[in-house]
>>> print(open('target-v8.cif').read())   # mmCIF, C-alpha atoms and all ligand atoms
data_entry
loop_
_atom_site.label_atom_id
_atom_site.label_comp_id
_atom_site.auth_asym_id
_atom_site.auth_seq_id
_atom_site.Cartn_x
_atom_site.Cartn_y
_atom_site.Cartn_z
CA MET S 4 27.06 -28.85 3.35
CA SER S 5 25.35 -26.83 0.64
CA LYS S 6 22.93 -24.13 1.68
CA VAL S 7 19.31 -24.32 0.53
CA ALA S 8 17.34 -21.52 -1.08
CA LEU S 9 13.56 -21.64 -1.54
CA ILE S 10 12.26 -19.20 -4.15
CA THR S 11 8.56 -18.72 -4.81
CA GLY S 12 7.15 -18.31 -8.32
CA ALA S 13 10.49 -19.20 -9.84
CA THR S 14 9.81 -20.88 -13.17
CA ARG S 15 10.10 -17.63 -15.11
CA GLY S 16 11.04 -13.96 -14.89
CA ILE S 17 12.87 -12.54 -11.91
CA GLY S 18 12.30 -15.66 -9.76
CA LYS S 19 13.91 -17.98 -12.29
CA GLN S 20 16.97 -15.74 -12.57
CA ILE S 21 17.26 -15.63 -8.76
CA ALA S 22 17.16 -19.45 -8.70
CA LEU S 23 19.81 -19.73 -11.44
CA THR S 24 22.02 -17.19 -9.65
CA PHE S 25 21.82 -19.12 -6.36
CA ALA S 26 22.50 -22.39 -8.22
CA LYS S 27 25.63 -20.84 -9.72
CA GLU S 28 26.72 -20.03 -6.14
CA GLY S 29 26.34 -23.72 -5.20
CA TYR S 30 23.05 -23.57 -3.28
CA ASN S 31 20.63 -26.48 -3.53
CA ILE S 32 17.41 -25.03 -4.88
CA ALA S 33 13.73 -25.43 -4.07
CA ILE S 34 11.45 -23.85 -6.61
CA ASN S 35 7.86 -23.12 -5.80
CA TYR S 36 5.50 -23.02 -8.78
CA ILE S 37 1.76 -22.86 -9.14
CA SER S 38 0.85 -24.93 -12.19
CA GLU S 39 2.31 -27.53 -14.54
CA ASN S 40 3.65 -26.05 -17.72
CA GLU S 41 6.75 -26.50 -19.85
CA ASP S 42 8.72 -24.01 -17.76
CA VAL S 43 8.74 -26.40 -14.79
CA GLU S 44 10.85 -29.12 -16.43
CA ASN S 45 13.00 -26.62 -18.34
CA THR S 46 13.76 -24.65 -15.18
CA LYS S 47 14.72 -27.80 -13.26
CA ARG S 48 17.01 -28.87 -16.11
CA GLU S 49 18.67 -25.44 -16.30
CA ILE S 50 19.28 -25.37 -12.52
CA GLU S 51 20.75 -28.89 -12.49
CA LYS S 52 23.34 -27.84 -15.09
CA TYR S 53 25.09 -26.14 -12.16
CA LYS S 54 25.52 -29.58 -10.48
CA VAL S 55 23.20 -28.68 -7.60
CA LYS S 56 19.92 -30.27 -6.55
CA CYS S 57 16.62 -28.78 -7.65
CA PHE S 58 13.36 -29.69 -5.90
CA MET S 59 10.12 -28.54 -7.46
CA ALA S 60 7.58 -27.53 -4.78
CA LYS S 61 4.10 -27.12 -6.21
CA GLY S 62 1.60 -24.88 -4.45
CA ASP S 63 -0.46 -21.71 -4.57
CA ILE S 64 1.13 -19.26 -2.14
CA SER S 65 -2.25 -17.61 -1.49
CA ASN S 66 -3.40 -20.92 0.03
CA PHE S 67 -2.03 -21.49 3.55
CA GLU S 68 -2.45 -25.29 3.43
CA ASP S 69 -0.55 -25.47 0.14
CA CYS S 70 2.33 -23.55 1.73
CA GLU S 71 2.31 -25.76 4.81
CA LYS S 72 2.54 -28.79 2.51
CA PHE S 73 5.25 -27.60 0.14
CA VAL S 74 7.47 -26.16 2.88
CA LYS S 75 7.27 -29.56 4.64
CA GLU S 76 8.23 -31.27 1.38
CA VAL S 77 11.28 -29.03 1.02
CA ILE S 78 12.33 -29.80 4.60
CA GLU S 79 11.86 -33.54 3.98
CA GLU S 80 14.03 -33.23 0.89
CA TYR S 81 16.85 -31.07 2.30
CA GLY S 82 16.40 -30.88 6.10
CA GLN S 83 16.89 -27.09 6.11
CA ILE S 84 15.96 -23.80 4.41
CA ASP S 85 18.70 -21.19 4.71
CA VAL S 86 17.27 -18.57 2.38
CA LEU S 87 13.66 -17.79 1.52
CA VAL S 88 12.96 -15.47 -1.38
CA ASN S 89 9.32 -14.33 -1.52
CA ASN S 90 9.19 -13.53 -5.21
CA ALA S 91 5.83 -14.71 -6.60
CA GLY S 92 3.47 -11.89 -7.41
CA ILE S 93 0.68 -10.78 -9.73
CA THR S 94 -0.84 -7.56 -11.05
CA ARG S 95 -4.47 -6.70 -11.88
CA ASP S 96 -4.01 -3.08 -12.93
CA THR S 97 -6.86 -0.63 -13.36
CA LEU S 98 -8.02 2.64 -11.87
CA LEU S 99 -9.78 2.34 -8.53
CA MET S 100 -13.00 3.65 -10.11
CA ARG S 101 -13.08 0.55 -12.32
CA MET S 102 -11.41 -1.93 -9.99
CA LYS S 103 -13.53 -4.87 -8.89
CA LYS S 104 -13.31 -6.07 -5.30
CA GLU S 105 -12.02 -9.40 -6.65
CA ASP S 106 -9.13 -7.62 -8.41
CA PHE S 107 -8.12 -5.92 -5.19
CA GLU S 108 -8.42 -9.09 -3.12
CA ALA S 109 -6.62 -11.34 -5.63
CA VAL S 110 -3.53 -9.13 -5.64
CA ILE S 111 -3.45 -8.77 -1.85
CA ASP S 112 -4.03 -12.52 -1.43
CA VAL S 113 -1.10 -13.54 -3.62
CA ASN S 114 1.41 -10.76 -2.99
CA LEU S 115 0.88 -9.98 0.69
CA VAL S 116 -1.01 -12.89 2.26
CA GLY S 117 1.16 -15.23 0.15
CA THR S 118 4.30 -13.68 1.64
CA PHE S 119 2.83 -14.28 5.11
CA ASN S 120 1.78 -17.86 4.28
CA VAL S 121 5.19 -18.95 3.07
CA THR S 122 7.23 -17.06 5.67
CA LYS S 123 5.02 -18.29 8.54
CA ASN S 124 5.70 -21.89 7.51
CA VAL S 125 9.45 -21.42 6.96
CA ILE S 126 10.33 -19.34 10.03
CA PRO S 127 10.12 -22.14 12.68
CA TYR S 128 12.93 -24.00 10.89
CA MET S 129 15.09 -20.86 10.75
CA VAL S 130 14.42 -20.12 14.43
CA LYS S 131 15.43 -23.68 15.31
CA ALA S 132 18.60 -23.32 13.23
CA ARG S 133 19.23 -19.85 14.73
CA SER S 134 20.08 -18.69 11.25
CA GLY S 135 18.31 -17.58 8.10
CA ARG S 136 17.71 -14.95 5.46
CA ILE S 137 14.32 -13.83 4.21
CA ILE S 138 14.24 -11.55 1.20
CA SER S 139 10.93 -10.37 -0.23
CA VAL S 140 10.37 -8.74 -3.59
CA ALA S 141 8.42 -5.53 -3.09
CA SER S 142 8.37 -2.73 -5.70
CA VAL S 143 9.13 0.98 -6.00
CA VAL S 144 5.38 1.31 -6.48
CA GLY S 145 4.93 0.22 -2.85
CA ILE S 146 6.96 3.30 -1.85
CA ALA S 147 5.90 5.93 -4.40
CA GLY S 148 2.43 4.72 -5.45
CA ASN S 149 1.25 4.47 -9.06
CA ALA S 150 -2.04 5.36 -10.73
CA GLY S 151 -3.81 2.18 -11.79
CA GLN S 152 -2.11 0.06 -9.16
CA THR S 153 -3.87 0.72 -5.84
CA ASN S 154 -4.11 -3.02 -5.23
CA TYR S 155 -0.51 -3.80 -6.23
CA ALA S 156 0.99 -0.78 -4.44
CA ALA S 157 -0.93 -1.63 -1.25
CA SER S 158 0.33 -5.22 -1.40
CA LYS S 159 3.94 -4.12 -1.90
CA ALA S 160 3.75 -1.43 0.81
CA GLY S 161 2.37 -4.21 3.02
CA ILE S 162 5.39 -6.37 2.26
CA ILE S 163 7.66 -3.51 3.36
CA GLY S 164 5.85 -3.16 6.72
CA PHE S 165 5.86 -6.93 7.13
CA THR S 166 9.61 -7.04 6.44
CA LYS S 167 10.52 -4.34 8.95
CA SER S 168 8.31 -5.83 11.69
CA LEU S 169 9.59 -9.37 11.21
CA ALA S 170 13.18 -8.10 11.08
CA LYS S 171 12.68 -6.71 14.59
CA GLU S 172 11.02 -9.91 15.83
CA VAL S 173 13.72 -12.33 14.71
CA ALA S 174 16.97 -10.33 14.77
CA SER S 175 17.93 -11.92 18.11
CA ARG S 176 17.67 -15.34 16.41
CA ASN S 177 20.20 -14.35 13.77
CA ILE S 178 17.54 -14.20 11.04
CA LEU S 179 17.91 -11.25 8.67
CA VAL S 180 14.83 -9.98 6.86
CA ASN S 181 15.05 -7.53 3.99
CA ALA S 182 13.13 -6.45 0.91
CA VAL S 183 14.10 -5.28 -2.54
CA ALA S 184 12.09 -2.73 -4.51
CA PRO S 185 12.65 -3.18 -8.23
CA GLY S 186 11.66 -0.44 -10.65
CA PHE S 187 10.85 -1.42 -14.25
CA ILE S 188 12.41 -4.79 -15.00
CA GLN S 189 12.18 -6.50 -18.40
CA THR S 190 9.99 -9.59 -17.85
CA GLN S 191 6.73 -11.08 -19.08
CA MET S 192 5.01 -8.92 -16.42
CA THR S 193 6.21 -5.72 -18.16
CA ASP S 194 6.20 -7.12 -21.74
CA VAL S 195 2.49 -6.30 -21.85
CA LEU S 196 3.34 -2.57 -21.94
CA LYS S 197 3.29 -0.91 -25.37
CA ASP S 198 6.67 -0.01 -26.93
CA ASN S 199 6.05 3.75 -26.70
CA VAL S 200 5.19 3.37 -23.01
CA LYS S 201 8.43 1.43 -22.46
CA GLU S 202 10.41 4.16 -24.24
CA GLU S 203 8.80 6.84 -22.08
CA ILE S 204 9.63 4.83 -18.96
CA ALA S 205 13.26 4.41 -20.02
CA LYS S 206 13.54 8.19 -20.52
CA SER S 207 12.34 8.79 -16.96
CA ILE S 208 15.03 6.53 -15.47
CA PRO S 209 18.35 8.28 -14.66
CA LEU S 210 20.34 5.24 -15.86
CA GLY S 211 18.33 5.39 -19.10
CA ARG S 212 17.18 1.78 -19.36
CA MET S 213 14.84 -0.78 -17.85
CA GLY S 214 16.44 -3.20 -15.42
CA THR S 215 17.29 -6.81 -16.17
CA VAL S 216 16.35 -9.85 -14.10
CA GLN S 217 20.07 -10.24 -13.33
CA ASP S 218 20.15 -6.71 -11.84
CA VAL S 219 17.58 -7.91 -9.28
CA ALA S 220 19.11 -11.35 -8.71
CA ASN S 221 22.52 -9.80 -7.94
CA VAL S 222 21.17 -7.74 -5.03
CA ILE S 223 19.25 -10.71 -3.65
CA LYS S 224 22.40 -12.84 -3.85
CA PHE S 225 24.19 -10.15 -1.83
CA LEU S 226 21.39 -10.03 0.78
CA ALA S 227 21.71 -13.80 1.22
CA SER S 228 25.50 -13.70 1.54
CA GLU S 229 27.87 -13.25 4.48
CA GLU S 230 28.80 -9.83 3.04
CA SER S 231 25.41 -8.46 4.15
CA SER S 232 25.44 -9.83 7.69
CA TYR S 233 24.88 -6.38 9.28
CA ILE S 234 21.86 -5.46 7.14
CA THR S 235 18.30 -6.17 8.29
CA GLY S 236 14.90 -4.50 7.98
CA GLN S 237 15.96 -2.61 4.86
CA VAL S 238 14.38 -2.01 1.49
CA ILE S 239 16.90 -1.74 -1.34
CA ASN S 240 15.69 -0.05 -4.50
CA ILE S 241 16.86 -1.62 -7.76
CA ASP S 242 15.51 0.99 -10.12
CA GLY S 243 18.27 2.74 -12.06
CA GLY S 244 17.79 5.79 -9.85
CA MET S 245 14.04 6.27 -10.49
CA LEU S 246 13.37 6.90 -6.82
CA MET S 247 15.87 8.91 -4.81
N1 LIG F 1 8.89 -6.97 -13.66
C1 LIG F 1 8.95 -5.83 -12.96
O1 LIG F 1 9.17 -4.74 -13.52
C2 LIG F 1 8.79 -5.82 -11.48
C3 LIG F 1 9.00 -4.63 -10.78
C4 LIG F 1 8.86 -4.60 -9.41
C5 LIG F 1 8.54 -5.77 -8.74
N2 LIG F 1 8.32 -6.92 -9.43
C6 LIG F 1 7.98 -8.10 -8.64
O2 LIG F 1 8.90 -9.14 -8.91
C7 LIG F 1 8.27 -10.40 -8.72
C8 LIG F 1 8.48 -11.25 -9.96
O3 LIG F 1 7.90 -10.58 -11.06
P1 LIG F 1 8.16 -10.97 -12.59
O4 LIG F 1 8.26 -9.71 -13.33
O5 LIG F 1 9.23 -11.99 -12.70
O6 LIG F 1 6.72 -11.59 -12.93
P2 LIG F 1 6.27 -12.92 -13.67
O7 LIG F 1 4.81 -12.76 -13.89
O8 LIG F 1 7.16 -13.21 -14.83
O9 LIG F 1 6.54 -14.02 -12.55
C9 LIG F 1 5.74 -14.16 -11.41
C10 LIG F 1 5.76 -15.62 -11.00
O10 LIG F 1 4.90 -15.78 -9.86
C11 LIG F 1 4.13 -16.95 -10.05
N3 LIG F 1 2.90 -16.89 -9.28
C12 LIG F 1 1.84 -16.05 -9.47
N4 LIG F 1 0.87 -16.32 -8.58
C13 LIG F 1 1.32 -17.34 -7.79
C14 LIG F 1 0.78 -18.06 -6.71
N5 LIG F 1 -0.44 -17.78 -6.24
N6 LIG F 1 1.52 -19.04 -6.15
C15 LIG F 1 2.75 -19.34 -6.63
N7 LIG F 1 3.31 -18.70 -7.67
C16 LIG F 1 2.60 -17.72 -8.24
C17 LIG F 1 3.86 -16.99 -11.54
O11 LIG F 1 3.46 -18.29 -11.96
C18 LIG F 1 5.21 -16.55 -12.09
O12 LIG F 1 6.07 -17.65 -12.22
C19 LIG F 1 6.80 -10.09 -8.41
O13 LIG F 1 6.60 -10.09 -7.02
C20 LIG F 1 6.63 -8.68 -8.96
O14 LIG F 1 5.58 -8.01 -8.32
C21 LIG F 1 8.45 -6.98 -10.78
#
>>> encode(input="target-v8.cif", output="structure tokens", more="lines below")
Ligand SMILES: NC(=O)c1ccc[n+]([C@@H]2O[C@H](COP(=O)([O-])OP(=O)(O)OC[C@H]3O[C@@H](n4cnc5c(N)ncnc54)[C@H](O)[C@@H]3O)[C@@H](O)[C@H]2O)c1
Amino acid sequence: MSKVALITGATRGIGKQIALTFAKEGYNIAINYISENEDVENTKREIEKYKVKCFMAKGDISNFEDCEKFVKEVIEEYGQIDVLVNNAGITRDTLLMRMKKEDFEAVIDVNLVGTFNVTKNVIPYMVKARSGRIISVASVVGIAGNAGQTNYAASKAGIIGFTKSLAKEVASRNILVNAVAPGFIQTQMTDVLKDNVKEEIAKSIPLGRMGTVQDVANVIKFLASEESSYITGQVINIDGGMLM
């Protein structure tokens, strides 16, 4: 029977590439998304080209009831969730001096509380199955910090602590919990940066370029595979050597 991967925020960017990569591997896919837009139908169509099923699970991950509902829908559809990828995330960058309380809370609510909300609703099914993989998308910023991103860095550092703690809680149930920490990846999230800023960033990266969404998806595919069955509680940087 095909394995099932649930990926949050997966109608564009890194999440979409993760979903496509799992589809290529033969997984049935559940895509969480927050609002109707053209990407929803396009993404579903692109996934189904790989002759796998694609279920679209609508819900705001910062809302616990939404997560309860869409995780149930995925279980009704497939009967199992083998891999959860906590990918959805937002930024509201500005210096702390200018940051509004709402900007801090919004980022924590989506990135960190959202990771809790989805994982909390998925984990009982993995415990019952005595098997599962949870991979959360953190960031190098959660390790090194970054001016203008106190909210985002705190949320990503939180995901790292969450990952390590949960890994210890569920290891005996054969559930492996890891995080990835991407550096600068080319997506709509980083497209907002000015060209000269992007060039400066590329110069500061030992491998001399920004990462691609496939660079991230490849590591997540590995963390979901049998090849990584002795790895849990880890954070793997995908950053071209930015952080060593
Ligand atoms: N792009 C980078 O350089 C980079 C670097 C490090 C980490 N990351 C992380 O990778 C992940 C994906 O980033 P991306 O660059 O593809 O960004 P993106 O903005 O292209 O995609 C984020 C996705 O999350 C969804 N989303 C946002 N809020 C949501 C909510 N409340 N509920 C459900 N879905 C929601 C969005 O609709 C979107 O589809 C994020 O967690 C981000 O923090 C990105």
>>> atom_distance(input="target-v8.cif", atom1="CA of Ala184 in chain S", atom2="atom N2 of ligand LIG 1 (chain F)")
7.5 Å
>>> residues_around(input="target-v8.cif", residues="Arg212 in chain S", least_positions_apart="5", cutoff="10 Å", atoms="only C-alpha atoms", output="ChimeraX atom specification")
/S:187-189,201-202,204-207,242-243
>>> closest_residue(input="target-v8.cif", among="S:Asp194, S:Asp96, S:Asp106, S:Glu28", to="ligand LIG 1 (chain F)", atoms="all atoms listed in the file")
S:Asp194
>>> closest_atom_pairs(input="target-v8.cif", of="chain S", to="ligand LIG 1 (chain F)", cutoff="6 Å", atoms="only C-alpha atoms and all ligand atoms", output="Markdown table")
| residue | atom | partner | partner_atom | distance |
| --- | --- | --- | --- | --- |
| S:Thr11 | CA | F:LIG1 | N7 | 6.0 |
| S:Gly12 | CA | F:LIG1 | O10 | 3.7 |
| S:Ala13 | CA | F:LIG1 | O12 | 5.3 |
| S:Thr14 | CA | F:LIG1 | O12 | 5.0 |
| S:Arg15 | CA | F:LIG1 | O12 | 5.0 |
| S:Gly16 | CA | F:LIG1 | O5 | 3.5 |
| S:Ile17 | CA | F:LIG1 | O5 | 3.8 |
| S:Gly18 | CA | F:LIG1 | O5 | 5.6 |
| S:Tyr36 | CA | F:LIG1 | N7 | 5.0 |
| S:Ile37 | CA | F:LIG1 | C15 | 4.4 |
| S:Asp63 | CA | F:LIG1 | N6 | 3.7 |
| S:Ile64 | CA | F:LIG1 | N6 | 4.0 |
| S:Ser65 | CA | F:LIG1 | N5 | 5.1 |
| S:Asn90 | CA | F:LIG1 | O13 | 4.7 |
| S:Ala91 | CA | F:LIG1 | O10 | 3.6 |
| S:Gly92 | CA | F:LIG1 | O13 | 3.6 |
| S:Ile93 | CA | F:LIG1 | C12 | 5.4 |
| S:Val113 | CA | F:LIG1 | N5 | 5.0 |
| S:Val140 | CA | F:LIG1 | O13 | 5.3 |
| S:Ala141 | CA | F:LIG1 | C5 | 5.7 |
| S:Ser142 | CA | F:LIG1 | C4 | 4.2 |
| S:Pro185 | CA | F:LIG1 | C4 | 4.2 |
| S:Gly186 | CA | F:LIG1 | C3 | 5.0 |
| S:Phe187 | CA | F:LIG1 | O1 | 3.8 |
| S:Ile188 | CA | F:LIG1 | O1 | 3.6 |
| S:Gln189 | CA | F:LIG1 | N1 | 5.8 |
| S:Thr190 | CA | F:LIG1 | O4 | 4.8 |
| S:Gln191 | CA | F:LIG1 | O8 | 4.8 |
| S:Met192 | CA | F:LIG1 | O4 | 4.6 |
| S:Thr193 | CA | F:LIG1 | N1 | 5.4 |
>>> atom_distance(input="target-v8.cif", atom1="CA of Ala174 in chain S", atom2="CA of Gly161 in chain S")
19.7 Å
>>> residues_near_point(input="target-v8.cif", point="(5.3, -6.1, 5.9)", cutoff="10 Å", atoms="all atoms listed in the file", output="PyMOL selection string")
chain S and resi 115-116+118-119+139+141+158-170+182+236
>>> atom_distance(input="target-v8.cif", atom1="CA of Arg95 in chain S", atom2="CA of Gly117 in chain S")
15.8 Å
>>> closest_residue(input="target-v8.cif", among="S:Lys72, S:Lys197, S:Lys61, S:Lys19", to="Ser38 in chain S", atoms="only C-alpha atoms")
S:Lys61
>>> closest_residue(input="target-v8.cif", among="S:Thr97, S:Ser5, S:Ser232, S:Gln152", to="Ile32 in chain S", atoms="all atoms listed in the file")
S:Ser5
